[in-house]
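Source file: target_16.pdb; contents: PDB, N, CA and C atoms.
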```
ATOM      1  N   MET A 270      35.681  63.844  22.799
ATOM      2  CA  MET A 270      35.029  62.558  22.829
ATOM      3  C   MET A 270      34.926  62.111  24.279
ATOM      4  N   THR A 271      33.759  61.722  24.693
ATOM      5  CA  THR A 271      33.562  61.290  26.069
ATOM      6  C   THR A 271      33.445  59.784  26.122
ATOM      7  N   CYS A 272      33.928  59.233  27.208
ATOM      8  CA  CYS A 272      33.871  57.784  27.403
ATOM      9  C   CYS A 272      32.770  57.494  28.419
ATOM     10  N   VAL A 273      31.817  56.682  28.031
ATOM     11  CA  VAL A 273      30.709  56.343  28.916
ATOM     12  C   VAL A 273      31.025  55.003  29.581
ATOM     13  N   MET A 274      31.116  55.031  30.890
ATOM     14  CA  MET A 274      31.377  53.804  31.641
ATOM     15  C   MET A 274      30.061  53.088  31.911
ATOM     16  N   PRO A 275      30.016  51.784  31.732
ATOM     17  CA  PRO A 275      28.782  51.052  32.035
ATOM     18  C   PRO A 275      28.485  51.119  33.538
ATOM     19  N   GLU A 276      27.200  51.148  33.857
ATOM     20  CA  GLU A 276      26.805  51.276  35.262
ATOM     21  C   GLU A 276      26.992  49.975  36.033
ATOM     22  N   THR A 277      26.746  48.867  35.378
ATOM     23  CA  THR A 277      26.853  47.572  36.071
ATOM     24  C   THR A 277      27.729  46.632  35.259
ATOM     25  N   MET A 278      28.140  45.564  35.895
ATOM     26  CA  MET A 278      28.923  44.524  35.207
ATOM     27  C   MET A 278      28.099  43.913  34.074
ATOM     28  N   GLN A 279      26.794  43.788  34.295
ATOM     29  CA  GLN A 279      25.915  43.218  33.275
ATOM     30  C   GLN A 279      25.899  44.108  32.031
ATOM     31  N   ASP A 280      25.879  45.425  32.231
ATOM     32  CA  ASP A 280      25.915  46.363  31.097
ATOM     33  C   ASP A 280      27.229  46.233  30.332
ATOM     34  N   MET A 281      28.325  46.083  31.078
ATOM     35  CA  MET A 281      29.627  45.949  30.436
ATOM     36  C   MET A 281      29.697  44.665  29.601
ATOM     37  N   MET A 282      29.180  43.559  30.153
ATOM     38  CA  MET A 282      29.205  42.288  29.424
ATOM     39  C   MET A 282      28.302  42.342  28.191
ATOM     40  N   ALA A 283      27.182  43.019  28.290
ATOM     41  CA  ALA A 283      26.295  43.161  27.131
ATOM     42  C   ALA A 283      26.994  43.938  26.018
ATOM     43  N   GLY A 284      27.686  45.006  26.385
ATOM     44  CA  GLY A 284      28.426  45.798  25.389
ATOM     45  C   GLY A 284      29.541  45.002  24.748
ATOM     46  N   LEU A 285      30.246  44.229  25.560
ATOM     47  CA  LEU A 285      31.329  43.389  25.041
ATOM     48  C   LEU A 285      30.795  42.314  24.105
ATOM     49  N   ALA A 286      29.659  41.719  24.470
ATOM     50  CA  ALA A 286      29.052  40.688  23.616
ATOM     51  C   ALA A 286      28.673  41.262  22.258
ATOM     52  N   ILE A 287      28.178  42.493  22.246
ATOM     53  CA  ILE A 287      27.810  43.142  20.978
ATOM     54  C   ILE A 287      29.057  43.361  20.127
ATOM     55  N   GLU A 288      30.142  43.840  20.757
ATOM     56  CA  GLU A 288      31.379  44.078  20.008
ATOM     57  C   GLU A 288      31.934  42.791  19.419
ATOM     58  N   VAL A 289      31.936  41.721  20.206
ATOM     59  CA  VAL A 289      32.471  40.441  19.729
ATOM     60  C   VAL A 289      31.593  39.860  18.637
ATOM     61  N   SER A 290      30.280  39.994  18.775
ATOM     62  CA  SER A 290      29.381  39.436  17.757
ATOM     63  C   SER A 290      29.543  40.135  16.413
ATOM     64  N   GLN A 291      30.042  41.366  16.418
ATOM     65  CA  GLN A 291      30.234  42.101  15.172
ATOM     66  C   GLN A 291      31.565  41.769  14.503
ATOM     67  N   MET A 292      32.436  41.044  15.198
ATOM     68  CA  MET A 292      33.728  40.657  14.614
ATOM     69  C   MET A 292      33.528  39.512  13.628
ATOM     70  N   SER A 293      34.349  39.484  12.603
ATOM     71  CA  SER A 293      34.320  38.350  11.682
ATOM     72  C   SER A 293      35.025  37.163  12.342
ATOM     73  N   ASP A 294      34.842  35.986  11.796
ATOM     74  CA  ASP A 294      35.504  34.795  12.338
ATOM     75  C   ASP A 294      37.022  34.948  12.295
ATOM     76  N   GLN A 295      37.525  35.568  11.236
ATOM     77  CA  GLN A 295      38.966  35.790  11.109
ATOM     78  C   GLN A 295      39.473  36.705  12.218
ATOM     79  N   GLU A 296      38.733  37.782  12.495
ATOM     80  CA  GLU A 296      39.124  38.708  13.562
ATOM     81  C   GLU A 296      39.102  38.023  14.923
ATOM     82  N   LYS A 297      38.099  37.193  15.162
ATOM     83  CA  LYS A 297      38.016  36.463  16.435
ATOM     84  C   LYS A 297      39.203  35.525  16.601
ATOM     85  N   THR A 298      39.554  34.825  15.519
ATOM     86  CA  THR A 298      40.680  33.894  15.578
ATOM     87  C   THR A 298      41.977  34.641  15.865
ATOM     88  N   GLU A 299      42.197  35.754  15.180
ATOM     89  CA  GLU A 299      43.410  36.536  15.397
ATOM     90  C   GLU A 299      43.465  37.102  16.810
ATOM     91  N   PHE A 300      42.326  37.530  17.338
ATOM     92  CA  PHE A 300      42.273  38.043  18.707
ATOM     93  C   PHE A 300      42.659  36.954  19.703
ATOM     94  N   ARG A 301      42.085  35.750  19.530
ATOM     95  CA  ARG A 301      42.407  34.642  20.436
ATOM     96  C   ARG A 301      43.878  34.271  20.341
ATOM     97  N   ARG A 302      44.407  34.199  19.125
ATOM     98  CA  ARG A 302      45.821  33.862  18.946
ATOM     99  C   ARG A 302      46.714  34.885  19.643
ATOM    100  N   GLY A 303      46.406  36.155  19.466
ATOM    101  CA  GLY A 303      47.192  37.205  20.096
ATOM    102  C   GLY A 303      47.149  37.112  21.602
ATOM    103  N   TRP A 304      45.970  36.819  22.141
ATOM    104  CA  TRP A 304      45.828  36.712  23.593
ATOM    105  C   TRP A 304      46.586  35.503  24.124
ATOM    106  N   ILE A 305      46.481  34.367  23.443
ATOM    107  CA  ILE A 305      47.155  33.147  23.892
ATOM    108  C   ILE A 305      48.662  33.319  23.821
ATOM    109  N   ARG A 306      49.177  33.921  22.753
ATOM    110  CA  ARG A 306      50.620  34.066  22.596
ATOM    111  C   ARG A 306      51.232  35.038  23.602
ATOM    112  N   LYS A 307      50.412  35.858  24.234
ATOM    113  CA  LYS A 307      50.927  36.775  25.246
ATOM    114  C   LYS A 307      51.146  36.075  26.582
ATOM    115  N   THR A 308      50.651  34.846  26.726
ATOM    116  CA  THR A 308      50.880  34.119  27.966
ATOM    117  C   THR A 308      52.369  33.824  28.056
ATOM    118  N   PRO A 309      52.928  33.767  29.259
ATOM    119  CA  PRO A 309      54.384  33.684  29.403
ATOM    120  C   PRO A 309      55.022  32.436  28.802
ATOM    121  N   ARG A 310      54.344  31.293  28.826
ATOM    122  CA  ARG A 310      54.957  30.071  28.317
ATOM    123  C   ARG A 310      54.047  29.453  27.273
ATOM    124  N   PHE A 311      54.148  29.954  26.087
ATOM    125  CA  PHE A 311      53.287  29.447  25.023
ATOM    126  C   PHE A 311      54.051  28.438  24.184
ATOM    127  N   PHE A 312      53.500  27.250  24.064
ATOM    128  CA  PHE A 312      54.103  26.197  23.256
ATOM    129  C   PHE A 312      53.266  26.006  22.000
ATOM    130  N   GLN A 313      53.936  25.701  20.888
ATOM    131  CA  GLN A 313      53.249  25.482  19.622
ATOM    132  C   GLN A 313      53.547  24.084  19.103
ATOM    133  N   ARG A 314      52.661  23.606  18.237
ATOM    134  CA  ARG A 314      52.899  22.312  17.587
ATOM    135  C   ARG A 314      54.219  22.368  16.836
ATOM    136  N   GLY A 315      54.980  21.286  16.926
ATOM    137  CA  GLY A 315      56.246  21.211  16.214
ATOM    138  C   GLY A 315      57.437  21.657  17.026
ATOM    139  N   ASP A 316      57.218  22.355  18.156
ATOM    140  CA  ASP A 316      58.336  22.790  18.992
ATOM    141  C   ASP A 316      59.070  21.574  19.550
ATOM    142  N   GLU A 317      60.408  21.645  19.549
ATOM    143  CA  GLU A 317      61.211  20.590  20.171
ATOM    144  C   GLU A 317      61.351  20.908  21.643
ATOM    145  N   VAL A 318      61.026  19.938  22.489
ATOM    146  CA  VAL A 318      61.006  20.168  23.926
ATOM    147  C   VAL A 318      61.683  19.023  24.669
ATOM    148  N   SER A 319      62.037  19.308  25.909
ATOM    149  CA  SER A 319      62.467  18.243  26.804
ATOM    150  C   SER A 319      61.395  18.110  27.877
ATOM    151  N   VAL A 320      61.112  16.876  28.271
ATOM    152  CA  VAL A 320      60.065  16.580  29.244
ATOM    153  C   VAL A 320      60.699  15.913  30.453
ATOM    154  N   ARG A 321      60.448  16.493  31.620
ATOM    155  CA  ARG A 321      60.915  15.870  32.855
ATOM    156  C   ARG A 321      59.761  15.060  33.417
ATOM    157  N   GLN A 322      59.939  13.736  33.420
ATOM    158  CA  GLN A 322      58.905  12.869  33.951
ATOM    159  C   GLN A 322      58.946  12.886  35.472
ATOM    160  N   PHE A 323      57.882  12.377  36.093
ATOM    161  CA  PHE A 323      57.798  12.369  37.552
ATOM    162  C   PHE A 323      58.866  11.492  38.181
ATOM    163  N   ASN A 324      59.355  10.487  37.460
ATOM    164  CA  ASN A 324      60.400   9.606  37.994
ATOM    165  C   ASN A 324      61.807  10.184  37.786
ATOM    166  N   GLY A 325      61.894  11.395  37.236
ATOM    167  CA  GLY A 325      63.181  12.064  37.079
ATOM    168  C   GLY A 325      63.811  11.913  35.706
ATOM    169  N   LYS A 326      63.301  11.040  34.867
ATOM    170  CA  LYS A 326      63.870  10.857  33.530
ATOM    171  C   LYS A 326      63.600  12.085  32.668
ATOM    172  N   LEU A 327      64.563  12.389  31.801
ATOM    173  CA  LEU A 327      64.444  13.507  30.879
ATOM    174  C   LEU A 327      64.333  12.953  29.464
ATOM    175  N   LEU A 328      63.240  13.268  28.779
ATOM    176  CA  LEU A 328      63.017  12.810  27.413
ATOM    177  C   LEU A 328      62.978  14.007  26.480
ATOM    178  N   LYS A 329      63.470  13.824  25.256
ATOM    179  CA  LYS A 329      63.376  14.860  24.232
ATOM    180  C   LYS A 329      62.345  14.412  23.211
ATOM    181  N   GLY A 330      61.533  15.347  22.756
ATOM    182  CA  GLY A 330      60.514  15.031  21.778
ATOM    183  C   GLY A 330      59.994  16.299  21.138
ATOM    184  N   HIS A 331      58.854  16.185  20.439
ATOM    185  CA  HIS A 331      58.244  17.363  19.840
ATOM    186  C   HIS A 331      56.746  17.363  20.120
ATOM    187  N   ILE A 332      56.182  18.550  20.144
ATOM    188  CA  ILE A 332      54.768  18.729  20.475
ATOM    189  C   ILE A 332      53.920  18.415  19.252
ATOM    190  N   VAL A 333      52.916  17.558  19.433
ATOM    191  CA  VAL A 333      51.988  17.275  18.344
ATOM    192  C   VAL A 333      50.639  17.945  18.568
ATOM    193  N   SER A 334      50.300  18.275  19.834
ATOM    194  CA  SER A 334      49.076  19.041  20.074
ATOM    195  C   SER A 334      49.141  19.737  21.424
ATOM    196  N   VAL A 335      48.420  20.843  21.512
ATOM    197  CA  VAL A 335      48.289  21.614  22.747
ATOM    198  C   VAL A 335      46.815  21.610  23.102
ATOM    199  N   LEU A 336      46.498  21.104  24.280
ATOM    200  CA  LEU A 336      45.113  20.961  24.708
ATOM    201  C   LEU A 336      44.828  21.897  25.873
ATOM    202  N   GLU A 337      43.776  22.672  25.764
ATOM    203  CA  GLU A 337      43.356  23.552  26.860
ATOM    204  C   GLU A 337      42.327  22.806  27.684
ATOM    205  N   SER A 338      42.517  22.781  29.009
ATOM    206  CA  SER A 338      41.542  22.141  29.884
ATOM    207  C   SER A 338      41.295  23.031  31.089
ATOM    208  N   VAL A 339      40.304  22.666  31.891
ATOM    209  CA  VAL A 339      39.972  23.454  33.074
ATOM    210  C   VAL A 339      41.151  23.488  34.039
ATOM    211  N   SER A 340      41.880  22.384  34.123
ATOM    212  CA  SER A 340      43.007  22.306  35.062
ATOM    213  C   SER A 340      44.297  22.903  34.506
ATOM    214  N   GLY A 341      44.284  23.372  33.282
ATOM    215  CA  GLY A 341      45.467  23.989  32.692
ATOM    216  C   GLY A 341      45.752  23.441  31.313
ATOM    217  N   ARG A 342      46.857  23.867  30.760
ATOM    218  CA  ARG A 342      47.245  23.462  29.417
ATOM    219  C   ARG A 342      47.953  22.115  29.470
ATOM    220  N   LYS A 343      47.544  21.182  28.619
ATOM    221  CA  LYS A 343      48.175  19.878  28.500
ATOM    222  C   LYS A 343      48.825  19.786  27.125
ATOM    223  N   LEU A 344      49.950  19.106  27.064
ATOM    224  CA  LEU A 344      50.679  18.960  25.815
ATOM    225  C   LEU A 344      50.818  17.495  25.469
ATOM    226  N   LYS A 345      50.633  17.183  24.200
ATOM    227  CA  LYS A 345      50.870  15.819  23.719
ATOM    228  C   LYS A 345      52.223  15.839  23.034
ATOM    229  N   ILE A 346      53.153  15.041  23.574
ATOM    230  CA  ILE A 346      54.537  15.005  23.109
ATOM    231  C   ILE A 346      54.828  13.633  22.516
ATOM    232  N   VAL A 347      55.516  13.612  21.378
ATOM    233  CA  VAL A 347      55.978  12.357  20.788
ATOM    234  C   VAL A 347      57.492  12.302  20.946
ATOM    235  N   SER A 348      57.949  11.218  21.566
ATOM    236  CA  SER A 348      59.377  10.992  21.745
ATOM    237  C   SER A 348      59.660   9.568  21.288
ATOM    238  N   GLY A 349      60.128   9.426  20.051
ATOM    239  CA  GLY A 349      60.331   8.095  19.491
ATOM    240  C   GLY A 349      58.991   7.370  19.415
ATOM    241  N   PRO A 350      58.915   6.143  19.979
ATOM    242  CA  PRO A 350      57.652   5.407  19.939
ATOM    243  C   PRO A 350      56.675   5.825  21.044
ATOM    244  N   LEU A 351      57.115   6.682  21.969
ATOM    245  CA  LEU A 351      56.267   7.092  23.090
ATOM    246  C   LEU A 351      55.413   8.303  22.741
ATOM    247  N   VAL A 352      54.173   8.282  23.216
ATOM    248  CA  VAL A 352      53.291   9.440  23.128
ATOM    249  C   VAL A 352      52.926   9.803  24.564
ATOM    250  N   LEU A 353      53.289  11.017  24.984
ATOM    251  CA  LEU A 353      53.087  11.439  26.363
ATOM    252  C   LEU A 353      52.092  12.589  26.421
ATOM    253  N   ASN A 354      51.169  12.543  27.370
ATOM    254  CA  ASN A 354      50.303  13.675  27.674
ATOM    255  C   ASN A 354      50.780  14.239  29.002
ATOM    256  N   VAL A 355      51.300  15.458  28.982
ATOM    257  CA  VAL A 355      51.926  16.018  30.173
ATOM    258  C   VAL A 355      51.399  17.418  30.462
ATOM    259  N   ASP A 356      51.607  17.847  31.710
ATOM    260  CA  ASP A 356      51.279  19.215  32.102
ATOM    261  C   ASP A 356      52.312  20.165  31.522
ATOM    262  N   GLU A 357      51.917  21.393  31.370
ATOM    263  CA  GLU A 357      52.788  22.414  30.787
ATOM    264  C   GLU A 357      54.054  22.625  31.618
ATOM    265  N   ASP A 358      53.956  22.481  32.941
ATOM    266  CA  ASP A 358      55.120  22.754  33.781
ATOM    267  C   ASP A 358      56.173  21.649  33.744
ATOM    268  N   GLN A 359      55.873  20.517  33.114
ATOM    269  CA  GLN A 359      56.856  19.444  32.953
ATOM    270  C   GLN A 359      57.710  19.620  31.704
ATOM    271  N   VAL A 360      57.381  20.622  30.877
ATOM    272  CA  VAL A 360      57.980  20.778  29.557
ATOM    273  C   VAL A 360      58.837  22.039  29.518
ATOM    274  N   GLN A 361      59.964  21.933  28.800
ATOM    275  CA  GLN A 361      60.816  23.095  28.584
ATOM    276  C   GLN A 361      61.295  23.063  27.141
ATOM    277  N   LEU A 362      61.241  24.229  26.484
ATOM    278  CA  LEU A 362      61.743  24.304  25.113
ATOM    279  C   LEU A 362      63.232  23.980  25.110
ATOM    280  N   ILE A 363      63.696  23.239  24.110
ATOM    281  CA  ILE A 363      65.090  22.819  24.077
ATOM    282  C   ILE A 363      66.017  24.022  23.974
ATOM    283  N   GLY A 364      65.673  25.040  23.232
ATOM    284  CA  GLY A 364      66.516  26.220  23.117
ATOM    285  C   GLY A 364      66.589  27.045  24.389
ATOM    286  N   ASP A 365      65.638  26.842  25.320
ATOM    287  CA  ASP A 365      65.588  27.641  26.550
ATOM    288  C   ASP A 365      66.122  26.913  27.766
ATOM    289  N   GLU A 366      66.665  25.711  27.600
ATOM    290  CA  GLU A 366      67.125  24.933  28.746
ATOM    291  C   GLU A 366      68.221  25.658  29.493
ATOM    292  N   GLN A 367      68.139  25.591  30.807
ATOM    293  CA  GLN A 367      69.176  26.196  31.647
ATOM    294  C   GLN A 367      70.232  25.152  31.938
ATOM    295  N   LYS A 368      71.489  25.557  31.897
ATOM    296  CA  LYS A 368      72.565  24.604  32.100
ATOM    297  C   LYS A 368      73.164  24.758  33.471
TER     298      LYS A 368
END
```

Kindly transcribe the structure held in the file into structure tokens.
Amino acid sequence: MTCVMPETMQDMMAGLAIEVSQMSDQEKTEFRRGWIRKTPRFFQRGDEVSVRQFNGKLLKGHIVSVLESVSGRKLKIVSGPLVLNVDEDQVQLIGDEQK
């Protein structure tokens, strides 16, 4: 079996677009989930986390949503009556805290 390499980047993208268009919606969803979960710090809804605020306070709460944006991943955390929208680097899973 021989492997044919595309001649240009445009040819490669066209081939990739054809492969993706042939996937079912379920396959696309599973592919995206697998790719996202391979990122080093993946947070999920319901995870218990601690949040270090810019003023130094440490709050404990749980994730209610994970938002992808151009500037990075943002997390919506509920801690008691507070609802916080924070950057991913301000959050640490409670089970992974370093002492």

So how many Å separate atom C of Met292 (chain A) and atom N of Gln279 (chain A), to one decimal?
22.2 Å

What is the distance between atom N of Ile346 (chain A) and CA of Lys297 (chain A), in Å to one decimal?
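Between these atoms lies a distance of 27.2 Å.
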
Selection result for the PyMOL selection byres (((chain A and resi 316 and name CA) around 12) and name CA) on this file, as a ChimeraX atom specification:
/A:311-315,317-319,329-335,344-347,360-365

Evaluate the PyMOL selection byres ((chain A and resi 356) around 6.5) and record the selected residues as an NGL selection string, following the chain and residue labels used in the document.
:A and (342-344 or 354-355 or 357-360)

Mind pulling up the distance from atom N of Ser338 (chain A) to CA of Asp280 (chain A)?
28.9 Å

From region 301-366 of chain A, collect each residue whose DSSP state is alpha helix (DSSP H) and return the set as a PyMOL selection string.
chain A and resi 301-306

Taking into account only C-alpha atoms, which residue in the set A:Glu276, A:Ser290, A:Leu353, A:Gly341 is nearest to Arg321 (chain A)?
A:Leu353

Place N, CA, C and O atoms on region 319-343 of chain A and deliver the coordinates as a PDB file, in the frame of the given file.
```pdb
ATOM      1  N   SER A 319      62.037  19.308  25.909  1.00  0.00           N
ATOM      2  CA  SER A 319      62.467  18.243  26.804  1.00  0.00           C
ATOM      3  C   SER A 319      61.395  18.110  27.877  1.00  0.00           C
ATOM      4  O   SER A 319      60.815  19.098  28.324  1.00  0.00           O
ATOM      5  N   VAL A 320      61.112  16.876  28.271  1.00  0.00           N
ATOM      6  CA  VAL A 320      60.065  16.580  29.244  1.00  0.00           C
ATOM      7  C   VAL A 320      60.699  15.913  30.453  1.00  0.00           C
ATOM      8  O   VAL A 320      61.400  14.914  30.318  1.00  0.00           O
ATOM      9  N   ARG A 321      60.448  16.493  31.620  1.00  0.00           N
ATOM     10  CA  ARG A 321      60.915  15.870  32.855  1.00  0.00           C
ATOM     11  C   ARG A 321      59.761  15.060  33.417  1.00  0.00           C
ATOM     12  O   ARG A 321      58.746  15.613  33.795  1.00  0.00           O
ATOM     13  N   GLN A 322      59.939  13.736  33.420  1.00  0.00           N
ATOM     14  CA  GLN A 322      58.905  12.869  33.951  1.00  0.00           C
ATOM     15  C   GLN A 322      58.946  12.886  35.472  1.00  0.00           C
ATOM     16  O   GLN A 322      59.924  13.308  36.085  1.00  0.00           O
ATOM     17  N   PHE A 323      57.882  12.377  36.093  1.00  0.00           N
ATOM     18  CA  PHE A 323      57.798  12.369  37.552  1.00  0.00           C
ATOM     19  C   PHE A 323      58.866  11.492  38.181  1.00  0.00           C
ATOM     20  O   PHE A 323      59.287  11.725  39.299  1.00  0.00           O
ATOM     21  N   ASN A 324      59.355  10.487  37.460  1.00  0.00           N
ATOM     22  CA  ASN A 324      60.400   9.606  37.994  1.00  0.00           C
ATOM     23  C   ASN A 324      61.807  10.184  37.786  1.00  0.00           C
ATOM     24  O   ASN A 324      62.799   9.531  38.089  1.00  0.00           O
ATOM     25  N   GLY A 325      61.894  11.395  37.236  1.00  0.00           N
ATOM     26  CA  GLY A 325      63.181  12.064  37.079  1.00  0.00           C
ATOM     27  C   GLY A 325      63.811  11.913  35.706  1.00  0.00           C
ATOM     28  O   GLY A 325      64.791  12.585  35.402  1.00  0.00           O
ATOM     29  N   LYS A 326      63.301  11.040  34.867  1.00  0.00           N
ATOM     30  CA  LYS A 326      63.870  10.857  33.530  1.00  0.00           C
ATOM     31  C   LYS A 326      63.600  12.085  32.668  1.00  0.00           C
ATOM     32  O   LYS A 326      62.566  12.720  32.772  1.00  0.00           O
ATOM     33  N   LEU A 327      64.563  12.389  31.801  1.00  0.00           N
ATOM     34  CA  LEU A 327      64.444  13.507  30.879  1.00  0.00           C
ATOM     35  C   LEU A 327      64.333  12.953  29.464  1.00  0.00           C
ATOM     36  O   LEU A 327      65.210  12.225  29.010  1.00  0.00           O
ATOM     37  N   LEU A 328      63.240  13.268  28.779  1.00  0.00           N
ATOM     38  CA  LEU A 328      63.017  12.810  27.413  1.00  0.00           C
ATOM     39  C   LEU A 328      62.978  14.007  26.480  1.00  0.00           C
ATOM     40  O   LEU A 328      62.497  15.074  26.848  1.00  0.00           O
ATOM     41  N   LYS A 329      63.470  13.824  25.256  1.00  0.00           N
ATOM     42  CA  LYS A 329      63.376  14.860  24.232  1.00  0.00           C
ATOM     43  C   LYS A 329      62.345  14.412  23.211  1.00  0.00           C
ATOM     44  O   LYS A 329      62.289  13.243  22.842  1.00  0.00           O
ATOM     45  N   GLY A 330      61.533  15.347  22.756  1.00  0.00           N
ATOM     46  CA  GLY A 330      60.514  15.031  21.778  1.00  0.00           C
ATOM     47  C   GLY A 330      59.994  16.299  21.138  1.00  0.00           C
ATOM     48  O   GLY A 330      60.582  17.368  21.279  1.00  0.00           O
ATOM     49  N   HIS A 331      58.854  16.185  20.439  1.00  0.00           N
ATOM     50  CA  HIS A 331      58.244  17.363  19.840  1.00  0.00           C
ATOM     51  C   HIS A 331      56.746  17.363  20.120  1.00  0.00           C
ATOM     52  O   HIS A 331      56.144  16.314  20.316  1.00  0.00           O
ATOM     53  N   ILE A 332      56.182  18.550  20.144  1.00  0.00           N
ATOM     54  CA  ILE A 332      54.768  18.729  20.475  1.00  0.00           C
ATOM     55  C   ILE A 332      53.920  18.415  19.252  1.00  0.00           C
ATOM     56  O   ILE A 332      54.171  18.934  18.162  1.00  0.00           O
ATOM     57  N   VAL A 333      52.916  17.558  19.433  1.00  0.00           N
ATOM     58  CA  VAL A 333      51.988  17.275  18.344  1.00  0.00           C
ATOM     59  C   VAL A 333      50.639  17.945  18.568  1.00  0.00           C
ATOM     60  O   VAL A 333      49.898  18.159  17.619  1.00  0.00           O
ATOM     61  N   SER A 334      50.300  18.275  19.834  1.00  0.00           N
ATOM     62  CA  SER A 334      49.076  19.041  20.074  1.00  0.00           C
ATOM     63  C   SER A 334      49.141  19.737  21.424  1.00  0.00           C
ATOM     64  O   SER A 334      49.831  19.298  22.336  1.00  0.00           O
ATOM     65  N   VAL A 335      48.420  20.843  21.512  1.00  0.00           N
ATOM     66  CA  VAL A 335      48.289  21.614  22.747  1.00  0.00           C
ATOM     67  C   VAL A 335      46.815  21.610  23.102  1.00  0.00           C
ATOM     68  O   VAL A 335      45.974  22.031  22.313  1.00  0.00           O
ATOM     69  N   LEU A 336      46.498  21.104  24.280  1.00  0.00           N
ATOM     70  CA  LEU A 336      45.113  20.961  24.708  1.00  0.00           C
ATOM     71  C   LEU A 336      44.828  21.897  25.873  1.00  0.00           C
ATOM     72  O   LEU A 336      45.573  21.911  26.850  1.00  0.00           O
ATOM     73  N   GLU A 337      43.776  22.672  25.764  1.00  0.00           N
ATOM     74  CA  GLU A 337      43.356  23.552  26.860  1.00  0.00           C
ATOM     75  C   GLU A 337      42.327  22.806  27.684  1.00  0.00           C
ATOM     76  O   GLU A 337      41.377  22.251  27.155  1.00  0.00           O
ATOM     77  N   SER A 338      42.517  22.781  29.009  1.00  0.00           N
ATOM     78  CA  SER A 338      41.542  22.141  29.884  1.00  0.00           C
ATOM     79  C   SER A 338      41.295  23.031  31.089  1.00  0.00           C
ATOM     80  O   SER A 338      41.995  24.025  31.298  1.00  0.00           O
ATOM     81  N   VAL A 339      40.304  22.666  31.891  1.00  0.00           N
ATOM     82  CA  VAL A 339      39.972  23.454  33.074  1.00  0.00           C
ATOM     83  C   VAL A 339      41.151  23.488  34.039  1.00  0.00           C
ATOM     84  O   VAL A 339      41.438  24.500  34.657  1.00  0.00           O
ATOM     85  N   SER A 340      41.880  22.384  34.123  1.00  0.00           N
ATOM     86  CA  SER A 340      43.007  22.306  35.062  1.00  0.00           C
ATOM     87  C   SER A 340      44.297  22.903  34.506  1.00  0.00           C
ATOM     88  O   SER A 340      45.306  22.923  35.190  1.00  0.00           O
ATOM     89  N   GLY A 341      44.284  23.372  33.282  1.00  0.00           N
ATOM     90  CA  GLY A 341      45.467  23.989  32.692  1.00  0.00           C
ATOM     91  C   GLY A 341      45.752  23.441  31.313  1.00  0.00           C
ATOM     92  O   GLY A 341      45.013  22.639  30.774  1.00  0.00           O
ATOM     93  N   ARG A 342      46.857  23.867  30.760  1.00  0.00           N
ATOM     94  CA  ARG A 342      47.245  23.462  29.417  1.00  0.00           C
ATOM     95  C   ARG A 342      47.953  22.115  29.470  1.00  0.00           C
ATOM     96  O   ARG A 342      48.867  21.911  30.254  1.00  0.00           O
ATOM     97  N   LYS A 343      47.544  21.182  28.619  1.00  0.00           N
ATOM     98  CA  LYS A 343      48.175  19.878  28.500  1.00  0.00           C
ATOM     99  C   LYS A 343      48.825  19.786  27.125  1.00  0.00           C
ATOM    100  O   LYS A 343      48.312  20.309  26.155  1.00  0.00           O
TER     101      LYS A 343
END
```
